[in-house]
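Asks: Contents of model39.cif (mmCIF, C-alpha atoms) are below:
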```cif
data_final
#
loop_
_atom_site.label_atom_id
_atom_site.label_comp_id
_atom_site.auth_asym_id
_atom_site.auth_seq_id
_atom_site.Cartn_x
_atom_site.Cartn_y
_atom_site.Cartn_z
CA MET A 1 37.73 11.58 -110.64
CA ARG A 2 38.77 15.20 -111.00
CA ASP A 3 38.85 15.65 -107.23
CA VAL A 4 41.12 12.64 -106.78
CA ARG A 5 43.59 14.01 -109.32
CA GLY A 6 43.44 17.40 -107.56
CA LEU A 7 44.22 15.70 -104.27
CA ASP A 8 47.16 13.91 -105.87
CA ARG A 9 48.55 17.18 -107.10
CA THR A 10 48.16 18.73 -103.65
CA THR A 11 50.08 15.80 -102.17
CA ALA A 12 52.85 16.24 -104.74
CA VAL A 13 53.12 19.99 -104.14
CA SER A 14 53.12 19.63 -100.37
CA THR A 15 55.77 16.88 -100.46
CA ALA A 16 57.97 19.06 -102.65
CA ALA A 17 57.42 21.97 -100.27
CA VAL A 18 58.48 19.93 -97.24
CA LEU A 19 61.56 18.57 -99.03
CA LEU A 20 62.65 21.97 -100.27
CA LEU A 21 62.04 23.60 -96.88
CA GLY A 22 64.26 20.94 -95.31
CA ALA A 23 66.90 21.51 -97.97
CA ALA A 24 66.70 25.28 -97.45
CA LEU A 25 67.14 24.91 -93.68
CA GLY A 26 70.11 22.64 -94.25
CA LEU A 27 71.71 25.08 -96.67
CA ILE A 28 71.05 28.06 -94.41
CA PHE A 29 72.56 26.55 -91.28
CA PHE A 30 75.32 24.28 -92.63
CA TYR A 31 76.32 25.37 -96.12
CA VAL A 32 76.22 29.14 -96.46
CA PRO A 33 79.22 30.95 -94.91
CA THR A 34 78.54 33.33 -92.02
CA ASP A 35 78.27 36.95 -93.12
CA ALA A 36 81.49 38.85 -92.36
CA ASP A 37 79.68 42.06 -91.53
CA GLN A 38 76.55 41.03 -89.61
CA GLY A 39 77.51 37.60 -88.29
CA PHE A 40 75.15 34.73 -87.61
CA SER A 41 71.98 36.83 -87.47
CA GLN A 42 72.27 37.59 -91.20
CA ARG A 43 70.99 34.06 -91.87
CA ILE A 44 67.45 35.25 -91.21
CA PHE A 45 67.80 37.06 -94.55
CA TYR A 46 67.24 33.74 -96.33
CA PHE A 47 63.78 33.53 -94.83
CA HIS A 48 62.86 37.18 -94.39
CA VAL A 49 63.33 38.27 -98.00
CA PRO A 50 61.77 35.17 -99.65
CA ILE A 51 58.75 35.49 -97.33
CA ALA A 52 58.37 39.15 -98.36
CA LEU A 53 58.67 38.28 -102.06
CA THR A 54 56.19 35.42 -101.67
CA SER A 55 53.77 37.80 -100.05
CA TYR A 56 54.01 40.07 -103.15
CA VAL A 57 53.30 37.00 -105.27
CA CYS A 58 50.18 36.29 -103.16
CA PHE A 59 48.89 39.84 -103.58
CA GLY A 60 49.68 39.79 -107.29
CA TRP A 61 47.91 36.46 -107.81
CA GLY A 62 44.95 37.72 -105.78
CA ALA A 63 44.72 40.82 -107.98
CA TRP A 64 44.96 38.72 -111.14
CA LYS A 65 42.04 36.59 -109.93
CA ALA A 66 40.22 39.80 -108.98
CA LEU A 67 40.60 41.01 -112.55
CA ARG A 68 39.04 37.74 -113.70
CA VAL A 69 36.12 38.30 -111.31
CA LEU A 70 35.45 41.71 -112.86
CA ARG A 71 35.81 40.46 -116.43
CA THR A 72 33.93 37.17 -116.25
CA GLY A 73 31.94 37.32 -112.98
CA ASP A 74 33.40 33.95 -112.02
CA GLU A 75 32.48 33.00 -108.43
CA ARG A 76 35.38 30.53 -108.20
CA ALA A 77 37.84 33.30 -109.03
CA ASP A 78 36.39 35.37 -106.18
CA LEU A 79 37.18 32.64 -103.67
CA GLU A 80 40.63 32.14 -105.20
CA SER A 81 41.37 35.84 -104.95
CA TYR A 82 40.27 35.90 -101.32
CA VAL A 83 42.36 32.86 -100.36
CA SER A 84 45.44 34.27 -102.07
CA ILE A 85 45.11 37.63 -100.31
CA HIS A 86 44.47 35.87 -97.01
CA LEU A 87 47.75 33.97 -97.38
CA GLY A 88 49.44 37.19 -98.49
CA VAL A 89 48.42 38.79 -95.19
CA VAL A 90 49.78 35.79 -93.28
CA PHE A 91 53.11 36.03 -95.13
CA GLY A 92 53.04 39.81 -94.66
CA ALA A 93 52.66 39.40 -90.90
CA LEU A 94 55.58 36.97 -90.96
CA THR A 95 57.62 39.53 -92.91
CA LEU A 96 56.93 42.16 -90.26
CA LEU A 97 57.86 39.68 -87.54
CA THR A 98 61.10 38.43 -89.12
CA GLY A 99 62.02 41.97 -90.18
CA SER A 100 61.51 43.14 -86.64
CA ILE A 101 63.69 40.34 -85.26
CA TRP A 102 66.41 41.09 -87.80
CA ALA A 103 66.25 44.80 -87.02
CA ARG A 104 66.64 44.01 -83.32
CA ALA A 105 69.62 41.74 -83.94
CA SER A 106 71.42 43.97 -86.37
CA TRP A 107 70.47 47.55 -85.38
CA GLY A 108 69.35 47.02 -81.79
CA VAL A 109 65.78 48.29 -82.28
CA TRP A 110 62.54 46.40 -82.82
CA TRP A 111 61.22 48.87 -85.32
CA THR A 112 62.83 51.40 -87.60
CA TRP A 113 60.98 53.86 -89.78
CA SER A 114 64.01 54.35 -91.97
CA GLU A 115 63.68 50.85 -93.40
CA ASP A 116 61.59 51.26 -96.54
CA GLN A 117 60.48 47.68 -97.03
CA LEU A 118 59.34 47.27 -93.44
CA VAL A 119 57.26 50.46 -93.59
CA LEU A 120 55.80 49.39 -96.93
CA PHE A 121 54.74 46.11 -95.39
CA LEU A 122 53.09 47.91 -92.52
CA VAL A 123 51.06 50.00 -95.01
CA LEU A 124 50.13 46.93 -97.03
CA PHE A 125 49.27 44.98 -93.89
CA LEU A 126 46.87 47.71 -92.78
CA PHE A 127 45.41 47.97 -96.28
CA TYR A 128 44.75 44.25 -96.65
CA CYS A 129 43.39 43.90 -93.11
CA ALA A 130 40.77 46.45 -94.18
CA TYR A 131 40.05 44.11 -97.13
CA PHE A 132 38.80 41.54 -94.63
CA MET A 133 36.73 44.13 -92.80
CA LEU A 134 35.10 45.03 -96.13
CA ARG A 135 34.48 41.41 -97.01
CA PHE A 136 32.97 40.46 -93.70
CA SER A 137 30.68 43.47 -93.45
CA VAL A 138 29.02 43.00 -96.85
CA ALA A 139 26.52 40.20 -97.50
CA PRO A 140 27.90 37.45 -99.78
CA GLY A 141 26.98 37.71 -103.43
CA ARG A 142 27.86 39.35 -106.68
CA SER A 143 28.17 42.81 -105.20
CA ARG A 144 30.62 41.62 -102.56
CA SER A 145 32.87 39.83 -105.02
CA ASN A 146 32.94 42.93 -107.23
CA MET A 147 33.84 45.22 -104.33
CA SER A 148 36.52 42.87 -103.03
CA ALA A 149 37.95 42.63 -106.53
CA VAL A 150 38.08 46.41 -106.96
CA TYR A 151 39.75 46.79 -103.57
CA ALA A 152 42.28 44.05 -104.41
CA LEU A 153 43.15 45.89 -107.63
CA PHE A 154 43.67 49.11 -105.66
CA GLY A 155 46.11 47.11 -103.55
CA VAL A 156 48.48 46.19 -106.36
CA VAL A 157 48.48 49.80 -107.54
CA LEU A 158 49.13 50.97 -103.99
CA ILE A 159 52.29 48.82 -103.72
CA PRO A 160 54.45 50.83 -106.17
CA VAL A 161 52.86 54.15 -105.20
CA SER A 162 53.53 53.59 -101.50
CA PHE A 163 56.99 52.37 -102.24
CA LEU A 164 57.71 55.60 -104.11
CA ALA A 165 56.18 57.63 -101.27
CA ILE A 166 58.26 55.91 -98.63
CA ARG A 167 61.42 56.27 -100.73
CA LEU A 168 60.68 59.97 -101.07
CA SER A 169 60.06 60.45 -97.39
CA LYS A 170 62.89 58.54 -95.76
CA GLU A 171 66.62 58.48 -95.90
CA PHE A 172 67.83 55.22 -97.26
CA ILE A 173 69.91 53.05 -94.90
CA HIS A 174 68.68 49.60 -95.87
CA PRO A 175 71.42 47.40 -97.31
CA VAL A 176 70.70 47.17 -101.02
CA VAL A 177 71.09 43.57 -102.09
CA PHE A 178 69.42 43.67 -105.49
CA THR A 179 70.58 46.57 -107.64
CA SER A 180 70.48 47.17 -111.38
CA HIS A 181 73.86 45.40 -111.55
CA GLY A 182 72.32 42.11 -110.41
CA PRO A 183 72.37 40.51 -106.97
CA GLN A 184 75.26 41.65 -104.75
CA MET A 185 75.85 38.23 -103.23
CA ALA A 186 78.31 35.39 -103.39
CA ALA A 187 77.23 32.42 -105.54
CA SER A 188 76.64 30.18 -102.49
CA GLN A 189 74.46 32.86 -100.87
CA PHE A 190 72.45 33.36 -104.03
CA ALA A 191 71.89 29.60 -104.43
CA THR A 192 70.66 29.31 -100.83
CA PHE A 193 68.40 32.29 -101.34
CA CYS A 194 66.88 30.76 -104.47
CA VAL A 195 66.25 27.41 -102.76
CA ALA A 196 64.62 29.15 -99.79
CA TRP A 197 62.42 31.22 -102.07
CA ALA A 198 61.37 28.18 -104.12
CA ALA A 199 60.54 26.38 -100.87
CA LEU A 200 58.35 29.22 -99.67
CA LEU A 201 56.59 29.52 -103.03
CA LEU A 202 55.78 25.82 -102.84
CA LEU A 203 54.59 26.29 -99.28
CA TYR A 204 52.31 29.04 -100.54
CA ALA A 205 51.01 26.78 -103.32
CA THR A 206 50.30 24.02 -100.79
CA LEU A 207 48.48 26.29 -98.36
CA TYR A 208 46.56 27.86 -101.24
CA ARG A 209 45.33 24.51 -102.49
CA VAL A 210 44.46 23.22 -99.02
CA GLU A 211 42.60 26.35 -97.96
CA LEU A 212 40.77 26.55 -101.28
CA ALA A 213 39.73 22.89 -101.05
CA GLY A 214 38.56 23.43 -97.48
CA LYS A 215 36.53 26.51 -98.39
CA ARG A 216 34.92 24.71 -101.34
CA VAL A 217 33.98 21.70 -99.21
CA ASP A 218 32.54 24.10 -96.66
CA ALA A 219 30.45 25.84 -99.32
CA SER A 220 29.09 22.61 -100.85
CA LEU A 221 28.34 21.23 -97.37
CA ARG A 222 26.30 24.34 -96.63
CA GLU A 223 24.44 23.94 -99.92
CA LEU A 224 23.65 20.31 -99.10
CA ARG A 225 22.43 21.23 -95.63
CA GLU A 226 20.15 23.88 -97.09
CA LEU A 227 18.74 21.32 -99.52
CA LEU A 228 18.01 18.93 -96.68
CA THR A 229 16.23 21.39 -94.41
CA MET B 230 22.19 63.97 -122.34
CA THR B 231 25.91 64.02 -122.74
CA TYR B 232 28.31 62.71 -120.13
CA ALA B 233 29.25 66.20 -118.91
CA ALA B 234 25.61 67.20 -118.53
CA ASP B 235 24.96 64.08 -116.43
CA VAL B 236 27.89 64.85 -114.19
CA VAL B 237 26.84 68.48 -113.76
CA ALA B 238 23.25 67.48 -112.97
CA LEU B 239 24.35 64.96 -110.33
CA ALA B 240 26.82 67.33 -108.70
CA ARG B 241 24.23 70.11 -108.73
CA LYS B 242 21.73 67.81 -107.00
CA ASP B 243 24.20 67.15 -104.18
CA LEU B 244 25.08 70.82 -103.77
CA LEU B 245 21.38 71.79 -103.72
CA LEU B 246 20.62 69.14 -101.11
CA GLU B 247 23.44 70.48 -98.97
CA LEU B 248 22.29 74.06 -99.45
CA ARG B 249 18.84 73.14 -98.17
CA ALA B 250 19.68 70.65 -95.42
CA LYS B 251 23.03 72.18 -94.30
CA GLU B 252 24.23 68.91 -92.78
CA THR B 253 27.75 68.22 -93.95
CA LEU B 254 29.54 71.52 -94.49
CA PRO B 255 28.87 73.13 -91.08
CA ALA B 256 30.00 69.92 -89.41
CA MET B 257 33.22 69.89 -91.45
CA LEU B 258 33.94 73.55 -90.66
CA LEU B 259 33.37 73.11 -86.96
CA PHE B 260 35.42 69.91 -86.95
CA VAL B 261 38.45 71.41 -88.66
CA VAL B 262 38.52 74.52 -86.47
CA SER B 263 38.11 72.54 -83.27
CA SER B 264 40.85 70.10 -84.26
CA LEU B 265 43.17 73.05 -84.88
CA ALA B 266 42.33 74.24 -81.35
CA ILE B 267 43.12 70.72 -80.03
CA PHE B 268 46.44 70.75 -81.87
CA HIS B 269 47.43 73.98 -80.14
CA PHE B 270 47.19 72.19 -76.81
CA ALA B 271 48.68 68.96 -78.16
CA LEU B 272 51.87 70.65 -79.33
CA PRO B 273 54.39 71.50 -76.60
CA ALA B 274 55.62 75.09 -76.45
CA GLY B 275 58.45 75.85 -78.83
CA THR B 276 57.57 73.11 -81.32
CA SER B 277 58.81 73.69 -84.81
CA HIS B 278 56.76 75.03 -87.69
CA ASP B 279 57.10 71.64 -89.44
CA ALA B 280 55.33 69.79 -86.63
CA ALA B 281 52.36 72.15 -86.88
CA LEU B 282 52.30 71.67 -90.67
CA GLY B 283 52.19 67.92 -90.18
CA LEU B 284 49.18 68.27 -87.91
CA LEU B 285 47.50 70.51 -90.48
CA TRP B 286 47.60 67.55 -92.88
CA VAL B 287 46.14 65.26 -90.24
CA ALA B 288 43.30 67.73 -89.73
CA LEU B 289 42.63 67.97 -93.47
CA VAL B 290 42.54 64.21 -94.00
CA PHE B 291 40.15 63.67 -91.09
CA THR B 292 37.92 66.54 -92.15
CA ALA B 293 37.71 65.02 -95.62
CA LEU B 294 36.85 61.69 -94.03
CA LEU B 295 33.97 63.34 -92.20
CA GLY B 296 32.55 64.63 -95.47
CA LEU B 297 33.13 61.34 -97.29
CA THR B 298 31.32 59.35 -94.60
CA ARG B 299 28.24 61.46 -95.22
CA ALA B 300 28.59 61.46 -99.00
CA PHE B 301 26.43 58.48 -99.89
CA VAL B 302 24.14 58.52 -96.86
CA PRO B 303 21.24 60.34 -98.62
CA GLU B 304 21.36 57.84 -101.49
CA ARG B 305 21.26 54.94 -99.06
CA GLU B 306 18.54 56.34 -96.79
CA GLN B 307 16.23 57.27 -99.63
CA GLY B 308 16.96 54.13 -101.63
CA LEU B 309 18.23 56.29 -104.44
CA PHE B 310 21.02 53.98 -105.52
CA ASP B 311 18.73 51.70 -107.49
CA ALA B 312 17.24 54.66 -109.32
CA LEU B 313 20.68 56.05 -110.13
CA VAL B 314 21.87 52.70 -111.43
CA LEU B 315 18.73 52.40 -113.58
CA ALA B 316 19.13 55.92 -114.97
CA PRO B 317 20.30 56.00 -118.59
CA CYS B 318 23.70 57.46 -117.85
CA ASP B 319 27.19 56.09 -117.61
CA ARG B 320 27.71 54.83 -114.07
CA SER B 321 31.05 56.53 -113.69
CA ALA B 322 29.13 59.82 -114.02
CA ILE B 323 27.60 59.05 -110.60
CA TRP B 324 31.09 58.78 -109.17
CA LEU B 325 32.35 61.93 -110.87
CA GLY B 326 29.35 64.00 -109.83
CA LYS B 327 29.68 62.87 -106.22
CA ALA B 328 33.43 63.44 -106.22
CA ILE B 329 32.93 66.99 -107.49
CA ALA B 330 30.35 67.70 -104.79
CA VAL B 331 32.63 66.35 -102.04
CA LEU B 332 35.51 68.33 -103.50
CA ALA B 333 33.41 71.49 -103.28
CA PHE B 334 32.68 70.84 -99.58
CA LEU B 335 36.31 70.10 -98.85
CA VAL B 336 37.55 73.23 -100.63
CA ALA B 337 34.98 75.31 -98.74
CA ALA B 338 36.20 73.85 -95.45
CA GLU B 339 39.80 74.56 -96.40
CA ILE B 340 39.06 78.16 -97.34
CA VAL B 341 38.30 78.55 -93.63
CA ALA B 342 40.88 76.10 -92.31
CA LEU B 343 44.00 77.43 -94.03
CA PRO B 344 43.61 81.08 -92.88
CA ALA B 345 42.67 79.79 -89.41
CA PHE B 346 45.86 77.72 -89.38
CA ALA B 347 47.89 80.74 -90.48
CA ALA B 348 46.33 82.79 -87.67
CA PHE B 349 46.68 80.14 -84.96
CA PHE B 350 50.12 78.79 -85.83
CA SER B 351 52.28 80.17 -88.60
CA GLY B 352 52.06 81.33 -92.18
CA ILE B 353 51.42 79.08 -95.16
CA ASP B 354 53.35 79.38 -98.39
CA GLY B 355 52.05 78.99 -101.92
CA ARG B 356 53.50 75.54 -102.28
CA THR B 357 51.35 74.26 -99.42
CA VAL B 358 48.24 75.68 -101.06
CA VAL B 359 49.09 73.93 -104.34
CA ALA B 360 49.79 70.70 -102.47
CA VAL B 361 46.45 70.96 -100.64
CA ALA B 362 44.65 71.49 -103.95
CA LEU B 363 46.35 68.45 -105.52
CA ALA B 364 45.75 66.30 -102.45
CA ASP B 365 42.05 67.26 -102.45
CA VAL B 366 41.62 65.75 -105.89
CA GLY B 367 43.19 62.47 -104.79
CA ILE B 368 41.25 62.36 -101.52
CA CYS B 369 37.90 63.00 -103.21
CA THR B 370 38.30 60.60 -106.13
CA VAL B 371 39.56 57.67 -104.05
CA GLY B 372 37.35 58.49 -101.08
CA THR B 373 34.17 58.65 -103.14
CA LEU B 374 34.74 55.19 -104.56
CA LEU B 375 35.51 53.75 -101.12
CA GLY B 376 32.53 55.61 -99.67
CA ALA B 377 30.25 53.86 -102.16
CA MET B 378 31.72 50.54 -100.98
CA ALA B 379 31.41 51.38 -97.30
CA VAL B 380 27.70 52.26 -97.42
CA ALA B 381 26.98 48.76 -98.72
CA GLY B 382 28.38 47.27 -95.53
CA GLN B 383 26.69 46.91 -92.18
CA ALA B 384 29.14 49.05 -90.22
CA ARG B 385 29.35 51.84 -92.76
CA GLU B 386 30.72 54.68 -90.60
CA LEU B 387 33.28 52.33 -89.15
CA LEU B 388 34.41 50.86 -92.45
CA LEU B 389 35.34 53.95 -94.47
CA PRO B 390 38.26 55.16 -92.30
CA LEU B 391 39.73 51.65 -92.31
CA LEU B 392 39.49 51.42 -96.09
CA PHE B 393 40.63 54.97 -96.73
CA LEU B 394 43.52 55.69 -94.34
CA PRO B 395 46.05 53.20 -95.79
CA LEU B 396 45.38 54.72 -99.22
CA ALA B 397 45.79 58.22 -97.77
CA ILE B 398 49.32 57.58 -96.50
CA PRO B 399 50.97 58.48 -99.84
CA ILE B 400 48.89 61.69 -99.94
CA VAL B 401 50.13 62.68 -96.50
CA VAL B 402 53.72 61.89 -97.49
CA GLY B 403 53.44 64.06 -100.60
CA GLY B 404 51.60 66.85 -98.82
CA VAL B 405 53.90 67.11 -95.81
CA GLY B 406 56.94 66.85 -98.06
CA ALA B 407 55.69 69.68 -100.25
CA SER B 408 54.76 71.97 -97.38
CA ALA B 409 58.00 71.30 -95.54
CA GLY B 410 59.63 72.85 -98.60
CA ALA B 411 61.53 69.80 -99.77
CA GLY B 412 61.28 70.48 -103.50
CA SER B 413 58.74 70.21 -106.25
CA ARG B 414 59.10 66.45 -106.68
CA TYR B 415 56.51 66.00 -103.94
CA LEU B 416 54.02 68.02 -105.99
CA LEU B 417 54.83 65.82 -108.96
CA PHE B 418 54.24 62.78 -106.80
CA LEU B 419 50.82 64.09 -105.73
CA LEU B 420 50.00 64.70 -109.39
CA LEU B 421 51.00 61.12 -110.21
CA TYR B 422 48.85 59.79 -107.36
CA ASP B 423 45.86 61.80 -108.59
CA ALA B 424 46.27 60.59 -112.16
CA VAL B 425 46.75 56.91 -111.31
CA PHE B 426 44.01 56.56 -108.72
CA SER B 427 41.46 58.77 -110.47
CA LEU B 428 41.80 56.63 -113.55
CA LEU B 429 41.46 53.43 -111.52
CA ALA B 430 38.44 54.72 -109.59
CA TRP B 431 36.79 56.00 -112.77
CA ALA B 432 37.23 52.63 -114.46
CA SER B 433 36.13 50.48 -111.52
CA PHE B 434 33.19 52.44 -110.07
CA GLU B 435 30.65 50.75 -112.29
CA TYR B 436 31.40 47.39 -110.64
CA VAL B 437 30.90 48.80 -107.16
CA VAL B 438 27.33 49.95 -107.77
CA ALA B 439 26.43 47.34 -110.38
CA GLU B 440 24.26 45.08 -108.21
CA GLN B 441 23.61 46.59 -104.82
#
```
The structure given in the file should be rewritten as structure tokens.

Replies:
Amino acid sequence: MRDVRGLDRTTAVSTAAVLLLGAALGLIFFYVPTDADQGFSQRIFYFHVPIALTSYVCFGWGAWKALRVLRTGDERADLESYVSIHLGVVFGALTLLTGSIWARASWGVWWTWSEDQLVLFLVLFLFYCAYFMLRFSVAPGRSRSNMSAVYALFGVVLIPVSFLAIRLSKEFIHPVVFTSHGPQMAASQFATFCVAWAALLLLYATLYRVELAGKRVDASLRELRELLT
Amino acid sequence: MTYAADVVALARKDLLLELRAKETLPAMLLFVVSSLAIFHFALPAGTSHDAALGLLWVALVFTALLGLTRAFVPEREQGLFDALVLAPCDRSAIWLGKAIAVLAFLVAAEIVALPAFAAFFSGIDGRTVVAVALADVGICTVGTLLGAMAVAGQARELLLPLLFLPLAIPIVVGGVGASAGAGSRYLLFLLLYDAVFSLLAWASFEYVVAEQ
């Protein structure tokens, strides 16, 4: 009974994700006015920045679950933390890709070290790829979930520290959209941005639920097979 | 025994082992001097002082990595981890003792490396020395924790650099910034890094060795 309700919720979340993604695409291409400064290519902003923010959400959620692993020793939380970080790495790779495309369109280069956020994502991408190396080289069990959890917690601390380091080391040429005076956007742009971000968050929730369900089925199947042999 | 006595006893054990076996420190010394020799040939003639300083930081980070890779090998080979975990001391004392021992090796290697750098390339100012000292603390505290994780894996020598280098990027930023003479805020940043990550490593080490 519980599984059926869980499946229903997954269906609801995924339907909402598809609808909102469609709405976001519509808004981005037909509603929002073309940027006066950067032209058509600025529209990638509505995907690039929400993907980056979603990726932070993934890492944050993964670290929160990691904290639960350390405090309660919950095996389910270990899997949840892993799935969330896995999706964070996927969104992080997409951020690097879309950022690179945007940099090419607007500055004429595929990569620029003077763009803080892009460099930060490179550091985080390398850090979380090592998370998988750690996880796959240690035998499954309590010790592995503890180590993964500790490493995931180092990750969320590394985010602000690296950001500070990169700010210190580079001159700052990135257009600042969010300042302490609120978002520097027109109302229509901000609305589109919010819809796109909500769509991507729902996409994350869908993928999270699907991957988690798949991993759990995989684990119980293995248990059953071991019982049979 | 008190916490400090535990830490001192564990660090003393590592230093004694090194004094008798002489495995890690000679390797670190040879490594750092030969990488400085490599850098001389890697840098084109007429390269600026700043480029050489940047390479000095690369050499220091990799030398530290060499020492950190070896740090927990005796424990693993002799099956000492279980005994240490069973010992009636706070588990973070294991981490602190090991970090102090690694720090001692690293400082010893740098006492040779920094004058060698000054002789091979160009002089070093006081700010660089302070930055190196601050970076050492960060490298050893974070590296010791990750080293304890890496020895649990199958590919232990391979794993540590992958785990450690992304975390070392802020150290390199702070160190190069400080030695390029760009103001004392880089030293403050290194201090902040040390404080934050030492605290985190101190608090989380017990989970890493809990059930090996």

Asks: Wanna dump the chain A-chain B contacts at 12 Å for me, each residue with its shortest atom pair and the distance in Å to one decimal, counting all atoms listed in the file, ordered by chain and number, as a Markdown table?

Replies:
```
| residue | atom | partner | partner_atom | distance |
| --- | --- | --- | --- | --- |
| A:Ala66 | CA | B:Ser433 | CA | 11.7 |
| A:Leu67 | CA | B:Ser433 | CA | 10.5 |
| A:Val69 | CA | B:Tyr436 | CA | 10.3 |
| A:Leu70 | CA | B:Tyr436 | CA | 7.3 |
| A:Arg71 | CA | B:Tyr436 | CA | 10.0 |
| A:Thr72 | CA | B:Tyr436 | CA | 11.9 |
| A:Gly73 | CA | B:Tyr436 | CA | 10.4 |
| A:Val119 | CA | B:Ile398 | CA | 11.1 |
| A:Leu120 | CA | B:Ile398 | CA | 10.5 |
| A:Phe121 | CA | B:Pro395 | CA | 11.2 |
| A:Leu122 | CA | B:Pro395 | CA | 9.4 |
| A:Val123 | CA | B:Pro395 | CA | 6.0 |
| A:Leu124 | CA | B:Pro395 | CA | 7.6 |
| A:Phe125 | CA | B:Pro395 | CA | 9.0 |
| A:Leu126 | CA | B:Pro395 | CA | 6.3 |
| A:Phe127 | CA | B:Pro395 | CA | 5.3 |
| A:Tyr128 | CA | B:Leu392 | CA | 8.9 |
| A:Cys129 | CA | B:Leu391 | CA | 8.6 |
| A:Ala130 | CA | B:Leu392 | CA | 5.5 |
| A:Tyr131 | CA | B:Leu392 | CA | 7.4 |
| A:Phe132 | CA | B:Leu392 | CA | 10.0 |
| A:Met133 | CA | B:Leu388 | CA | 7.1 |
| A:Leu134 | CA | B:Leu388 | CA | 6.9 |
| A:Arg135 | CA | B:Gly382 | CA | 8.6 |
| A:Phe136 | CA | B:Gly382 | CA | 8.4 |
| A:Ser137 | CA | B:Gly382 | CA | 4.9 |
| A:Val138 | CA | B:Gly382 | CA | 4.5 |
| A:Ala139 | CA | B:Gly382 | CA | 7.6 |
| A:Pro140 | CA | B:Gly382 | CA | 10.7 |
| A:Gly141 | CA | B:Glu440 | CA | 9.2 |
| A:Arg142 | CA | B:Glu440 | CA | 6.9 |
| A:Ser143 | CA | B:Glu440 | CA | 5.4 |
| A:Arg144 | CA | B:Val437 | CA | 8.5 |
| A:Ser145 | CA | B:Val437 | CA | 9.4 |
| A:Asn146 | CA | B:Tyr436 | CA | 5.8 |
| A:Met147 | CA | B:Val437 | CA | 5.4 |
| A:Ser148 | CA | B:Val437 | CA | 9.2 |
| A:Ala149 | CA | B:Tyr436 | CA | 9.1 |
| A:Val150 | CA | B:Ser433 | CA | 6.4 |
| A:Tyr151 | CA | B:Leu375 | CA | 8.5 |
| A:Ala152 | CA | B:Ser433 | CA | 11.4 |
| A:Leu153 | CA | B:Leu429 | CA | 8.7 |
| A:Phe154 | CA | B:Leu429 | CA | 7.6 |
| A:Gly155 | CA | B:Leu396 | CA | 8.8 |
| A:Val156 | CA | B:Leu429 | CA | 11.3 |
| A:Val157 | CA | B:Phe426 | CA | 8.2 |
| A:Leu158 | CA | B:Leu396 | CA | 7.1 |
| A:Ile159 | CA | B:Leu396 | CA | 10.1 |
| A:Pro160 | CA | B:Pro399 | CA | 10.5 |
| A:Val161 | CA | B:Pro399 | CA | 7.1 |
| A:Ser162 | CA | B:Pro399 | CA | 5.8 |
| A:Phe163 | CA | B:Pro399 | CA | 8.9 |
| A:Leu164 | CA | B:Phe418 | CA | 8.4 |
| A:Ala165 | CA | B:Pro399 | CA | 5.5 |
| A:Ile166 | CA | B:Val402 | CA | 7.6 |
| A:Arg167 | CA | B:Val402 | CA | 10.1 |
| A:Leu168 | CA | B:Tyr415 | CA | 7.9 |
| A:Ser169 | CA | B:Val402 | CA | 6.5 |
| A:Lys170 | CA | B:Val402 | CA | 9.9 |
```

Asks: Find the residues near Ala233 of chain B: any atom within 10 Å, counting all atoms listed in the file, skip ones fewer than 3 places away on the same chain, and give them as a VMD selection string.

Replies: chain B and resid 230 236 to 239 322 325 to 326

Asks: Please determine an axis-aligned box that encloses all atoms of segment 93-97 of chain A listed in the file, with 3 Å added on each side, and express its centre and edge lengths in Å to one decimal as AutoDock Vina command-line options.

Replies:
```
--center_x 55.3 --center_y 39.6 --center_z -90.2 --size_x 11.2 --size_y 11.2 --size_z 11.4
```

Asks: Need the shell around Ala280 of chain B: protein/DNA/RNA residues with any atom at most 12 Å away, counting only C-alpha atoms. Skip same-chain ones fewer than 6 positions apart. Format as a ChimeraX atom specification?

Replies: /B:268-269,271-274,286-287,350-351,405-406,408-409

Asks: What do you get, as a VMD selection string, if you spell out every residue that the PyMOL selection byres ((chain A and resi 196) around 12) selects here?

Replies: chain A and resid 17 to 29 43 to 54 189 to 195 197 to 203

Asks: For the atom pair atom CA of Phe346 of chain B and atom CA of Leu265 of chain B, what is the interatomic distance in Å to one decimal place?

Replies: 7.0 Å
